[in-house]
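Below: the structure, in structure tokens.
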Amino acid sequence: MALITSKKKHSLLPATEADLPTLINLITTSYFTEALCPFMFTSWPATTDMLAYFTQRIYARHSESSSELLKVVNVNDGRIIAMCCLSLMGAEAGGDPLKFSEDGRGPEGINLEFAAYAATKFVEIDKWMMGKKHFLISLCAVVPECQGQGIGSAMVSYCVKKATEGRLPTYLTAFPRARSMYAKCGFEVVQDIVLDLNSFGTKDSGYGLYRGYGMIINRHLIEAEVDA
């Protein structure tokens, strides 16, 4: 598809079904230290529940005709070192809800009390884009040893370029450590939420307030769509 970094060592390509297990391990490794994980996954620091959760999400996105899973490959050794998903969202746009069984039980290994609390917060972000056609960037991850090399920025910039060609804004939810990278790519914060992590698990555990960000680029295209 394209060589995406200045040193031309990395190629951005569509992910295939055969790539999905590698992508699941990649994103689990990349997200492992995120502050939400000890609260969200009951087996943490074991990765069993994280792997199951991302298996569900990645296979679901791969099956959607409106979504494209992308991988970044090191052209020297063929190793997949980064990934993201670009989805075309309609008026019903929302996040990635947890799948419940017919008897109302949530996924195995998920702390449902915390998941419900976090969902009510992140819905505040998602509501900002409800009713607005747009592209959504999700499942964005770079293996830890390759972070800070411009790979994530190049991957996001490609997605933004594709969305701009479609005359639509691009939206995403950012973790705290990724906010500055997205801002450098031109995204602006339109909504933020705060989760009180210290109210879950062991009290006074050292965790504090966790902030998430709804971010958008080409915001003016929303008004252009409405006017049309």
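Following the order of the structure tokens, first chain is A, next is B, and so on, with residues numbered from 1 inside each chain and ligands from 1 in the order they appear.
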Taking only C-alpha atoms into account, produce a table as a tab-separated table in which each residue of region 50-78 of chain A with an atom at most 12 Å from an atom of region 158-165 of chain A appears once, together with its shortest atom pair and the distance in Å to one decimal, ordered by chain and rising number.
```
residue	atom	partner	partner_atom	distance
A:Ser67	CA	A:Cys159	CA	11.7
A:Glu68	CA	A:Cys159	CA	10.1
A:Leu69	CA	A:Cys159	CA	10.9
A:Leu70	CA	A:Cys159	CA	9.5
A:Lys71	CA	A:Tyr158	CA	11.9
A:Val72	CA	A:Tyr158	CA	11.5
```
As a VMD selection string, please: every residue in region 14-53 of chain A that a backbone DSSP assignment puts in alpha helix (DSSP H). chain A and resid 20 to 31 37 to 40 48 to 53
At most 6 Å is the cut-off: for each residue in region 100-156 of chain A with any atom that close to an atom of region 167-189 of chain A, write down the nearest atom pair and the distance in Å rounded to one decimal, counting only C-alpha atoms, chain first then increasing number, as CSV.
```
residue,atom,partner,partner_atom,distance
A:His134,CA,A:Pro169,CA,5.3
A:Phe135,CA,A:Thr170,CA,4.7
A:Leu136,CA,A:Tyr171,CA,4.9
A:Ile137,CA,A:Leu172,CA,5.3
```
Ala52 (chain A) environment, 10 Å, only C-alpha atoms, sequence neighbours closer than 6 positions dropped, as a VMD selection string: chain A and resid 24 28 107 to 110
Using N, CA, C and O atoms, can you export the residues from the last selection as a CSV table (one decimal), in the first residue's frame?
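So selection25.csv came out as:
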```
chain,number,residue,atom,x,y,z
A,24,ILE,N,-4.1,-9.3,17.8
A,24,ILE,CA,-4.6,-9.5,19.2
A,24,ILE,C,-3.5,-9.5,20.2
A,24,ILE,O,-3.6,-8.8,21.2
A,28,THR,N,-2.8,-6.3,22.9
A,28,THR,CA,-2.8,-6.7,24.3
A,28,THR,C,-1.4,-6.2,25.0
A,28,THR,O,-1.4,-5.6,26.1
A,107,PRO,N,-19.1,-10.6,29.4
A,107,PRO,CA,-18.0,-11.4,29.0
A,107,PRO,C,-17.2,-11.9,30.2
A,107,PRO,O,-17.1,-11.3,31.2
A,108,GLU,N,-16.7,-13.2,30.1
A,108,GLU,CA,-15.9,-13.7,31.1
A,108,GLU,C,-14.7,-12.8,31.3
A,108,GLU,O,-14.0,-12.3,30.4
A,109,GLY,N,-14.3,-12.7,32.6
A,109,GLY,CA,-13.1,-11.9,32.9
A,109,GLY,C,-13.2,-10.4,33.0
A,109,GLY,O,-12.2,-9.8,33.2
A,110,ILE,N,-14.4,-9.9,32.8
A,110,ILE,CA,-14.6,-8.5,32.8
A,110,ILE,C,-15.2,-8.1,34.2
A,110,ILE,O,-16.2,-8.7,34.6
```
Selected residue, from A:His10, A:Ala46, A:Ser63, A:Ala35, that lies nearest to Asp77 (chain A) when counting only C-alpha atoms: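 That would be A:His10, the residue with the smallest distance to Asp77 (chain A).
The space separating CA of Asp49 (chain A) from CA of Leu197 (chain A) comes to 19.4 Å.
Separating CA of Lys9 (chain A) from CA of Thr22 (chain A) is a distance of 19.6 Å.
Using only C-alpha atoms, the shortest contact distance between Thr29 (chain A) and any of A:Ser11, A:Thr48, A:Ser153, A:Asn218 is found at A:Thr48.
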Of the residues A:Cys85, A:Phe54, A:Leu12, A:Ser157, which is the one nearest to Phe32 (chain A), using only C-alpha atoms? A:Phe54
